[in-house]
Amino acid sequence: MGDKTREVEVTSMSLQRPIPRPGVLDIEAYVPGKSEAPGAAQVFKLSSNETPLGPSPQALAACRAASHIEDYPDGAASALRAAIGKAFGLDPARIVCGAGSDELLNFLSAAYLVDGDEAIYTAHGFLMYPIYTLARGATPVVAPETSYTADVDAILACVSAKTKIVFIANPNNPTGTYLPFDEIKRLHAGLPPHVLLVIDAAYAEYVRRNDYEAGIELVATSDNAVMLRTFSKIHGLAALRLGWMYAPDHVVDAVNRIRGPFNVSTIAMRAGIASLADPAHIERSRAHNEKWLAWLTAEIGKLGLPVTPSVANFVLIHFKDVESASAADAFLTRRGLILRRVAGYRLPAALRMTVGTEEANRLVVAALAEFLGKQS
Ligand SMILES: Cc1ncc(COP(=O)(O)O)c(C=O)c1O
């Protein structure tokens with residue numbers, strides 16, 4: 001044993017309690033969207049990008065029909081992977097299911113990051129990327145955005161010899177902006193082949209742009225790209241925790257080695273399969289969103305509050321300063337309208353609002369008008 005090793009051991013032996021690995025105590029724990037508005041008669045939760053239409057009735061029926069919950073689930077998620085494969089025209093062998101796409105992000109970080117590595121994400125990118133990066137002792141590297149949108153050149157400029165993963169949410173949360181497929185391809189083409197491009201397409205179903213592609217084609221034709229999807233958003237199954245990944249064989253193999261054997265519950269899998277079998281429900285949710293996303297963007301804009309153009313199921317509303325955003329949040333919350341503060345995303349003067357029911361959307365616009373009237 002070398003002197004150095006002995007020294008480290010002696011130092012560890014003198015510690016008075018267990019110490020987390022480097023990076024862990026640098027993490028600011030994720031703060032989920034608020035769900036309570038004390039004193040409000042009626043509460044509209046518009047803080048977590050959940051669907052106002054709820055899940056497919058068929059998915060609910062599948063949950064209610066669940067029996068034999070004393071048995072472990074199918075650890076291979078065979079029926080669900082077959083259903084996803086059928087719905088999207090994919091080889092089920094290249095799909096891995098997770099307890100939410102969050103869990104898959106964690107698996108990918110565990111499989112590909114070691115101490116001292118770097119993982120790139122964008123300035124207003126989804127906060128779980130730096131959290132999982134730090135948890136592995138790696139360093140999150142922040143690529144600047146342009147007009148609240150990922151900037152391919154800025155991301156490529158951040159690539160170093162230490163880079164192992166590039167995380168990109170497309171569309172991004174909380175900005176709602178997206179990169180056209182050509183730009184995603186340009187990003188991929190600029191990365192060294194050993195860098196994994198993680199395309200997180202949690203909101204893909206909402207996008208109505210013909211230059212958008214969720215990532216399937218790139219994953220199918222390359223060795224270093226994966227696409228993540230979720231049942232939490234348009235499928236309305238957030239409480240069940242269900243997501244999936246489409247990836248090259250070797251990534252599937254690596255992730256399956258570290259995945260817990262029963263990471264997805266039987267009820268979640270059944271509900272996922274039932275939801276995929278009800279495309280009409282998804283279409284209703286998409287149509288609702290398309291209508292009200294445009295309406296909210298226009299109406300809030302008319303009040304003089306800039307709204308970042310969004311292709312997802314939420315809008316980012318900009319206030320004149322941090323105090324105004326904070327006051328608006330408090331004002332709305334008192335009326336039972338819960339939006340999301342996004343200071344943790346380097347957007348302290350903005351609020352994110354999920355597209356809600358017609359009633360909720362109209363109430364927010366009316367309340368914002370009242371709030372601004374009081375401010376002026
Ligand atoms: C961009 C993005 N990725 C991933 C997730 C995680 O979704 P889930 O773990 O519910 O699948 C979210 C949830 O808000 C998200 O916004």
# chains A, B, ... in the order shown; residues from 1 in each chain; ligands from 1
$ residues_near_ligand --ligand "ligand 1" --cutoff "7 Å" --atoms "only C-alpha atoms and all ligand atoms" --output "ChimeraX atom specification"
/A:48-49,99-103,126,169,172-173,200-202,229-232,238,241-243
$ write_last_selection --atoms "C-alpha atoms" --output "PDB file, in the first residue's frame"
ATOM      1  CA  SER A  48     -45.840  21.464 -12.986  1.00  0.00           C
ATOM      2  CA  ASN A  49     -46.825  21.214 -16.657  1.00  0.00           C
ATOM      3  CA  ALA A  99     -39.819   5.386 -13.260  1.00  0.00           C
ATOM      4  CA  GLY A 100     -40.262   8.678 -15.079  1.00  0.00           C
ATOM      5  CA  SER A 101     -37.726   9.975 -17.562  1.00  0.00           C
ATOM      6  CA  ASP A 102     -36.007  11.414 -14.494  1.00  0.00           C
ATOM      7  CA  GLU A 103     -34.869   7.945 -13.525  1.00  0.00           C
ATOM      8  CA  PHE A 126     -33.954  21.483 -17.086  1.00  0.00           C
ATOM      9  CA  ALA A 169     -34.370  19.380 -23.623  1.00  0.00           C
ATOM     10  CA  ASN A 172     -36.917  23.060 -23.296  1.00  0.00           C
ATOM     11  CA  ASN A 173     -38.493  23.489 -19.885  1.00  0.00           C
ATOM     12  CA  ASP A 200     -34.956  14.955 -23.668  1.00  0.00           C
ATOM     13  CA  ALA A 201     -38.235  15.178 -25.579  1.00  0.00           C
ATOM     14  CA  ALA A 202     -40.636  15.246 -22.608  1.00  0.00           C
ATOM     15  CA  ARG A 229     -39.844  10.413 -23.509  1.00  0.00           C
ATOM     16  CA  THR A 230     -42.359  10.535 -20.703  1.00  0.00           C
ATOM     17  CA  PHE A 231     -45.926   9.525 -19.869  1.00  0.00           C
ATOM     18  CA  SER A 232     -46.073  12.356 -17.311  1.00  0.00           C
ATOM     19  CA  ALA A 238     -47.253  11.820 -13.806  1.00  0.00           C
ATOM     20  CA  ARG A 241     -43.855   7.654 -12.809  1.00  0.00           C
ATOM     21  CA  LEU A 242     -43.317   6.291 -16.286  1.00  0.00           C
ATOM     22  CA  GLY A 243     -40.832   7.249 -18.961  1.00  0.00           C
TER      23      GLY A 243
END
$ residues_around --residues "Arg341 in chain A" --least-positions-apart "5" --cutoff "12 Å" --atoms "only C-alpha atoms" --output "MDAnalysis selection string"
chainID A and resid 31:34 46:48 174 316:319 322:330 332:333 346:354
$ closest_residue --among "A:Ile300, A:Cys97, A:Ala154, A:Val207" --to "Asp74 in chain A" --atoms "only C-alpha atoms"
A:Cys97
$ residues_around --residues "range 210-227 of chain A" --least-positions-apart "2" --cutoff "9 Å" --atoms "only C-alpha atoms" --output "ChimeraX atom specification"
/A:88,90,170-171,178-182,184-185,188,193-201,204-205,207-208,229,244-251
$ closest_residue --among "A:Gly125, A:Lys320, A:Gly98, A:Arg186" --to "Gly344 in chain A" --atoms "only C-alpha atoms"
A:Gly125
$ residues_around --residues "Thr175 in chain A" --least-positions-apart "4" --cutoff "8 Å" --atoms "only C-alpha atoms" --output "list in words"
His124, Tyr148, Thr149, Thr308, Ser310, Val315 and Leu316 of chain A
$ select_by_dssp --residues "range 108-268 of chain A" --states "alpha helix (DSSP H)" --output "PyMOL selection string"
chain A and resi 108-112+128-135+152-158+181-190+216-220+249-258+266-268
$ closest_residue --among "A:Ile155, A:Ala150, A:Leu276, A:Leu113" --to "Leu237 in chain A" --atoms "only C-alpha atoms"
A:Leu276
$ residues_around --residues "Glu283 in chain A" --least-positions-apart "2" --cutoff "12 Å" --atoms "only C-alpha atoms" --output "PyMOL selection string"
chain A and resi 53+56+205-208+234-235+275-276+278-281+285-290
$ write_last_selection --atoms "N, CA, C and O atoms" --output "PDB file, in the first residue's frame"
ATOM      1  N   LEU A  53     -56.448  18.015 -19.015  1.00  0.00           N
ATOM      2  CA  LEU A  53     -57.460  17.041 -19.454  1.00  0.00           C
ATOM      3  C   LEU A  53     -57.345  15.710 -18.725  1.00  0.00           C
ATOM      4  O   LEU A  53     -58.174  14.809 -18.923  1.00  0.00           O
ATOM      5  N   SER A  56     -56.120   9.396 -20.105  1.00  0.00           N
ATOM      6  CA  SER A  56     -57.148   8.711 -20.892  1.00  0.00           C
ATOM      7  C   SER A  56     -58.040   7.904 -19.943  1.00  0.00           C
ATOM      8  O   SER A  56     -57.532   7.246 -19.027  1.00  0.00           O
ATOM      9  N   GLU A 205     -44.919  15.648 -27.855  1.00  0.00           N
ATOM     10  CA  GLU A 205     -46.268  15.480 -28.430  1.00  0.00           C
ATOM     11  C   GLU A 205     -46.971  16.810 -28.640  1.00  0.00           C
ATOM     12  O   GLU A 205     -47.896  16.897 -29.452  1.00  0.00           O
ATOM     13  N   TYR A 206     -46.563  17.829 -27.891  1.00  0.00           N
ATOM     14  CA  TYR A 206     -47.252  19.114 -28.005  1.00  0.00           C
ATOM     15  C   TYR A 206     -46.773  19.935 -29.202  1.00  0.00           C
ATOM     16  O   TYR A 206     -47.446  20.879 -29.604  1.00  0.00           O
ATOM     17  N   VAL A 207     -45.611  19.595 -29.740  1.00  0.00           N
ATOM     18  CA  VAL A 207     -44.999  20.471 -30.743  1.00  0.00           C
ATOM     19  C   VAL A 207     -45.734  20.362 -32.074  1.00  0.00           C
ATOM     20  O   VAL A 207     -45.960  19.273 -32.582  1.00  0.00           O
ATOM     21  N   ARG A 208     -46.105  21.522 -32.614  1.00  0.00           N
ATOM     22  CA  ARG A 208     -46.772  21.573 -33.924  1.00  0.00           C
ATOM     23  C   ARG A 208     -45.891  22.383 -34.874  1.00  0.00           C
ATOM     24  O   ARG A 208     -46.212  23.502 -35.233  1.00  0.00           O
ATOM     25  N   ILE A 234     -48.245  14.782 -21.717  1.00  0.00           N
ATOM     26  CA  ILE A 234     -49.519  14.720 -22.460  1.00  0.00           C
ATOM     27  C   ILE A 234     -50.330  13.480 -22.083  1.00  0.00           C
ATOM     28  O   ILE A 234     -51.566  13.494 -22.142  1.00  0.00           O
ATOM     29  N   HIS A 235     -49.693  12.405 -21.659  1.00  0.00           N
ATOM     30  CA  HIS A 235     -50.445  11.198 -21.278  1.00  0.00           C
ATOM     31  C   HIS A 235     -51.107  11.334 -19.898  1.00  0.00           C
ATOM     32  O   HIS A 235     -51.940  10.503 -19.525  1.00  0.00           O
ATOM     33  N   SER A 275     -52.936   3.923 -22.429  1.00  0.00           N
ATOM     34  CA  SER A 275     -52.895   5.290 -22.935  1.00  0.00           C
ATOM     35  C   SER A 275     -52.445   5.313 -24.398  1.00  0.00           C
ATOM     36  O   SER A 275     -52.984   6.069 -25.222  1.00  0.00           O
ATOM     37  N   LEU A 276     -51.461   4.481 -24.719  1.00  0.00           N
ATOM     38  CA  LEU A 276     -51.003   4.422 -26.113  1.00  0.00           C
ATOM     39  C   LEU A 276     -52.116   3.927 -27.038  1.00  0.00           C
ATOM     40  O   LEU A 276     -52.133   4.241 -28.235  1.00  0.00           O
ATOM     41  N   ASP A 278     -55.114   4.808 -26.885  1.00  0.00           N
ATOM     42  CA  ASP A 278     -56.175   5.819 -26.963  1.00  0.00           C
ATOM     43  C   ASP A 278     -55.628   7.118 -27.578  1.00  0.00           C
ATOM     44  O   ASP A 278     -55.596   8.166 -26.924  1.00  0.00           O
ATOM     45  N   PRO A 279     -55.209   7.056 -28.848  1.00  0.00           N
ATOM     46  CA  PRO A 279     -54.629   8.255 -29.464  1.00  0.00           C
ATOM     47  C   PRO A 279     -55.617   9.417 -29.550  1.00  0.00           C
ATOM     48  O   PRO A 279     -55.210  10.578 -29.589  1.00  0.00           O
ATOM     49  N   ALA A 280     -56.932   9.106 -29.519  1.00  0.00           N
ATOM     50  CA  ALA A 280     -57.922  10.190 -29.615  1.00  0.00           C
ATOM     51  C   ALA A 280     -57.813  11.111 -28.390  1.00  0.00           C
ATOM     52  O   ALA A 280     -57.983  12.325 -28.502  1.00  0.00           O
ATOM     53  N   HIS A 281     -57.518  10.522 -27.237  1.00  0.00           N
ATOM     54  CA  HIS A 281     -57.382  11.346 -26.030  1.00  0.00           C
ATOM     55  C   HIS A 281     -56.170  12.274 -26.156  1.00  0.00           C
ATOM     56  O   HIS A 281     -56.239  13.456 -25.806  1.00  0.00           O
ATOM     57  N   SER A 285     -55.988  16.445 -26.181  1.00  0.00           N
ATOM     58  CA  SER A 285     -55.088  17.243 -25.329  1.00  0.00           C
ATOM     59  C   SER A 285     -54.227  18.168 -26.176  1.00  0.00           C
ATOM     60  O   SER A 285     -53.986  19.327 -25.825  1.00  0.00           O
ATOM     61  N   ARG A 286     -53.781  17.633 -27.312  1.00  0.00           N
ATOM     62  CA  ARG A 286     -52.945  18.440 -28.213  1.00  0.00           C
ATOM     63  C   ARG A 286     -53.747  19.623 -28.771  1.00  0.00           C
ATOM     64  O   ARG A 286     -53.266  20.747 -28.818  1.00  0.00           O
ATOM     65  N   ALA A 287     -54.984  19.345 -29.161  1.00  0.00           N
ATOM     66  CA  ALA A 287     -55.822  20.398 -29.741  1.00  0.00           C
ATOM     67  C   ALA A 287     -56.144  21.462 -28.676  1.00  0.00           C
ATOM     68  O   ALA A 287     -56.103  22.669 -28.951  1.00  0.00           O
ATOM     69  N   HIS A 288     -56.466  21.018 -27.471  1.00  0.00           N
ATOM     70  CA  HIS A 288     -56.735  21.962 -26.371  1.00  0.00           C
ATOM     71  C   HIS A 288     -55.525  22.867 -26.169  1.00  0.00           C
ATOM     72  O   HIS A 288     -55.632  24.086 -26.050  1.00  0.00           O
ATOM     73  N   ASN A 289     -54.352  22.237 -26.146  1.00  0.00           N
ATOM     74  CA  ASN A 289     -53.128  22.998 -25.884  1.00  0.00           C
ATOM     75  C   ASN A 289     -52.851  24.000 -27.000  1.00  0.00           C
ATOM     76  O   ASN A 289     -52.500  25.154 -26.742  1.00  0.00           O
ATOM     77  N   GLU A 290     -53.034  23.547 -28.219  1.00  0.00           N
ATOM     78  CA  GLU A 290     -52.735  24.430 -29.355  1.00  0.00           C
ATOM     79  C   GLU A 290     -53.590  25.703 -29.269  1.00  0.00           C
ATOM     80  O   GLU A 290     -53.098  26.811 -29.426  1.00  0.00           O
TER      81      GLU A 290
END
$ closest_residue --among "A:Met128, A:Ile27, A:Ala239, A:Ala83" --to "Pro55 in chain A" --atoms "only C-alpha atoms"
A:Ala239
$ closest_residue --among "A:Thr122, A:Ser67, A:Asn256, A:Gln16" --to "Ile95 in chain A" --atoms "only C-alpha atoms"
A:Asn256
$ residues_around --residues "range 61-64 of chain A" --least-positions-apart "2" --cutoff "12 Å" --atoms "only C-alpha atoms" --output "short mmCIF file (atom, residue, chain, number, x, y, z; two decimals) with all heavy atoms, in the first residue's frame"
data_model
loop_
_atom_site.label_atom_id
_atom_site.label_comp_id
_atom_site.auth_asym_id
_atom_site.auth_seq_id
_atom_site.Cartn_x
_atom_site.Cartn_y
_atom_site.Cartn_z
N PRO A 55 -55.67 11.95 -17.52
CA PRO A 55 -55.28 10.79 -18.34
C PRO A 55 -56.43 10.28 -19.19
O PRO A 55 -57.59 10.66 -18.97
CB PRO A 55 -54.88 9.75 -17.30
CG PRO A 55 -55.68 10.10 -16.09
CD PRO A 55 -55.88 11.59 -16.11
N SER A 56 -56.12 9.40 -20.11
CA SER A 56 -57.15 8.71 -20.89
C SER A 56 -58.04 7.90 -19.94
O SER A 56 -57.53 7.25 -19.03
CB SER A 56 -56.45 7.76 -21.88
OG SER A 56 -57.30 6.68 -22.18
N PRO A 57 -59.37 7.93 -20.17
CA PRO A 57 -60.25 7.09 -19.33
C PRO A 57 -59.83 5.62 -19.39
O PRO A 57 -59.97 4.88 -18.42
CB PRO A 57 -61.62 7.28 -19.97
CG PRO A 57 -61.53 8.52 -20.79
CD PRO A 57 -60.09 8.70 -21.17
N GLN A 58 -59.27 5.22 -20.51
CA GLN A 58 -58.83 3.82 -20.63
C GLN A 58 -57.63 3.54 -19.71
O GLN A 58 -57.48 2.45 -19.16
CB GLN A 58 -58.46 3.51 -22.08
CG GLN A 58 -59.66 3.60 -23.01
CD GLN A 58 -59.29 3.32 -24.45
OE1 GLN A 58 -58.37 2.58 -24.75
NE2 GLN A 58 -60.02 3.92 -25.38
N ALA A 59 -56.77 4.54 -19.56
CA ALA A 59 -55.61 4.36 -18.66
C ALA A 59 -56.10 4.27 -17.21
O ALA A 59 -55.61 3.46 -16.42
CB ALA A 59 -54.63 5.52 -18.83
N ALA A 66 -56.28 -3.19 -11.84
CA ALA A 66 -55.06 -3.88 -11.42
C ALA A 66 -55.37 -4.90 -10.32
O ALA A 66 -56.15 -4.64 -9.41
CB ALA A 66 -54.05 -2.86 -10.90
N SER A 67 -54.78 -6.07 -10.45
CA SER A 67 -54.93 -7.09 -9.40
C SER A 67 -53.56 -7.75 -9.21
O SER A 67 -52.61 -7.45 -9.94
CB SER A 67 -55.98 -8.12 -9.80
OG SER A 67 -55.57 -8.76 -10.99
N ILE A 69 -51.32 -7.38 -6.96
CA ILE A 69 -50.22 -6.47 -6.69
C ILE A 69 -49.23 -7.06 -5.69
O ILE A 69 -48.24 -6.43 -5.33
CB ILE A 69 -50.70 -5.06 -6.27
CG1 ILE A 69 -51.60 -5.13 -5.06
CG2 ILE A 69 -51.37 -4.33 -7.42
CD1 ILE A 69 -51.93 -3.75 -4.48
N LEU A 237 -49.98 10.87 -16.82
CA LEU A 237 -49.74 9.77 -15.86
C LEU A 237 -48.59 10.11 -14.90
O LEU A 237 -47.88 9.20 -14.43
CB LEU A 237 -49.43 8.47 -16.62
CG LEU A 237 -50.53 7.96 -17.57
CD1 LEU A 237 -50.04 6.71 -18.31
CD2 LEU A 237 -51.80 7.65 -16.80
N ALA A 239 -48.30 10.85 -11.84
CA ALA A 239 -48.27 10.23 -10.50
C ALA A 239 -47.76 8.79 -10.55
O ALA A 239 -47.27 8.26 -9.55
CB ALA A 239 -49.68 10.25 -9.88
N LEU A 240 -47.86 8.16 -11.71
CA LEU A 240 -47.45 6.75 -11.80
C LEU A 240 -45.96 6.59 -12.05
O LEU A 240 -45.42 5.51 -11.86
CB LEU A 240 -48.24 6.03 -12.91
CG LEU A 240 -49.75 5.97 -12.70
CD1 LEU A 240 -50.40 5.25 -13.88
CD2 LEU A 240 -50.07 5.25 -11.41
N SER A 265 -43.56 0.01 -12.13
CA SER A 265 -44.62 -0.79 -11.50
C SER A 265 -45.58 -1.37 -12.55
O SER A 265 -45.73 -0.83 -13.66
CB SER A 265 -45.41 0.06 -10.51
OG SER A 265 -46.29 0.92 -11.21
N THR A 266 -46.23 -2.45 -12.16
CA THR A 266 -47.21 -3.09 -13.04
C THR A 266 -48.32 -2.11 -13.43
O THR A 266 -48.73 -2.03 -14.60
CB THR A 266 -47.84 -4.29 -12.30
OG1 THR A 266 -46.78 -5.14 -11.88
CG2 THR A 266 -48.80 -5.06 -13.19
N ILE A 267 -48.80 -1.34 -12.45
CA ILE A 267 -49.92 -0.43 -12.73
C ILE A 267 -49.48 0.64 -13.73
O ILE A 267 -50.21 0.97 -14.67
CB ILE A 267 -50.45 0.20 -11.42
CG1 ILE A 267 -50.99 -0.91 -10.52
CG2 ILE A 267 -51.53 1.24 -11.69
CD1 ILE A 267 -51.45 -0.46 -9.16
N ALA A 268 -48.28 1.16 -13.55
CA ALA A 268 -47.78 2.18 -14.49
C ALA A 268 -47.68 1.58 -15.89
O ALA A 268 -48.09 2.21 -16.88
CB ALA A 268 -46.41 2.68 -14.04
N MET A 269 -47.17 0.37 -15.99
CA MET A 269 -47.03 -0.24 -17.33
C MET A 269 -48.39 -0.46 -17.99
O MET A 269 -48.58 -0.16 -19.17
CB MET A 269 -46.26 -1.56 -17.22
CG MET A 269 -44.79 -1.33 -16.88
SD MET A 269 -43.76 -2.80 -17.04
CE MET A 269 -44.06 -3.63 -15.51
N ARG A 270 -49.35 -0.95 -17.20
CA ARG A 270 -50.69 -1.19 -17.77
C ARG A 270 -51.31 0.12 -18.24
O ARG A 270 -51.94 0.20 -19.30
CB ARG A 270 -51.59 -1.86 -16.73
CG ARG A 270 -51.06 -3.23 -16.35
CD ARG A 270 -52.18 -4.26 -16.36
NE ARG A 270 -51.57 -5.57 -16.16
CZ ARG A 270 -51.84 -6.38 -15.15
NH1 ARG A 270 -52.74 -6.03 -14.26
NH2 ARG A 270 -51.24 -7.53 -15.04
N ALA A 271 -51.16 1.15 -17.40
CA ALA A 271 -51.74 2.44 -17.75
C ALA A 271 -51.07 3.00 -19.01
O ALA A 271 -51.73 3.57 -19.88
CB ALA A 271 -51.59 3.42 -16.59
N GLY A 272 -49.77 2.84 -19.11
CA GLY A 272 -49.03 3.32 -20.28
C GLY A 272 -49.53 2.64 -21.55
O GLY A 272 -49.77 3.30 -22.57
N ILE A 273 -49.69 1.33 -21.47
CA ILE A 273 -50.17 0.58 -22.64
C ILE A 273 -51.57 1.05 -23.03
O ILE A 273 -51.86 1.30 -24.21
CB ILE A 273 -50.17 -0.95 -22.33
CG1 ILE A 273 -48.73 -1.44 -22.16
CG2 ILE A 273 -50.89 -1.73 -23.43
CD1 ILE A 273 -48.60 -2.84 -21.57
N ALA A 274 -52.44 1.23 -22.03
CA ALA A 274 -53.82 1.67 -22.32
C ALA A 274 -53.82 3.08 -22.91
O ALA A 274 -54.61 3.39 -23.81
CB ALA A 274 -54.64 1.63 -21.03
N SER A 275 -52.94 3.92 -22.43
CA SER A 275 -52.89 5.29 -22.94
C SER A 275 -52.45 5.31 -24.40
O SER A 275 -52.98 6.07 -25.22
CB SER A 275 -51.95 6.13 -22.06
OG SER A 275 -52.09 7.48 -22.38
N LEU A 276 -51.46 4.48 -24.72
CA LEU A 276 -51.00 4.42 -26.11
C LEU A 276 -52.12 3.93 -27.04
O LEU A 276 -52.13 4.24 -28.24
CB LEU A 276 -49.79 3.50 -26.23
CG LEU A 276 -48.48 4.04 -25.62
CD1 LEU A 276 -47.42 2.93 -25.56
CD2 LEU A 276 -47.95 5.23 -26.41
N ALA A 277 -53.04 3.15 -26.46
CA ALA A 277 -54.13 2.61 -27.27
C ALA A 277 -55.28 3.61 -27.42
O ALA A 277 -56.31 3.29 -28.01
CB ALA A 277 -54.64 1.32 -26.63
#
$ atom_distance --atom1 "CA of Val166 in chain A" --atom2 "CA of Tyr121 in chain A"
6.1 Å
$ closest_residue --among "A:Glu299, A:Asp117, A:Glu50, A:Glu145" --to "Thr133 in chain A" --atoms "only C-alpha atoms"
A:Asp117
$ select_by_dssp --residues "range 52-117 of chain A" --states "strand (DSSP E or B)" --output "PyMOL selection string"
chain A and resi 95-98
$ atom_distance --atom1 "CA of Pro52 in chain A" --atom2 "CA of Thr357 in chain A"
5.5 Å
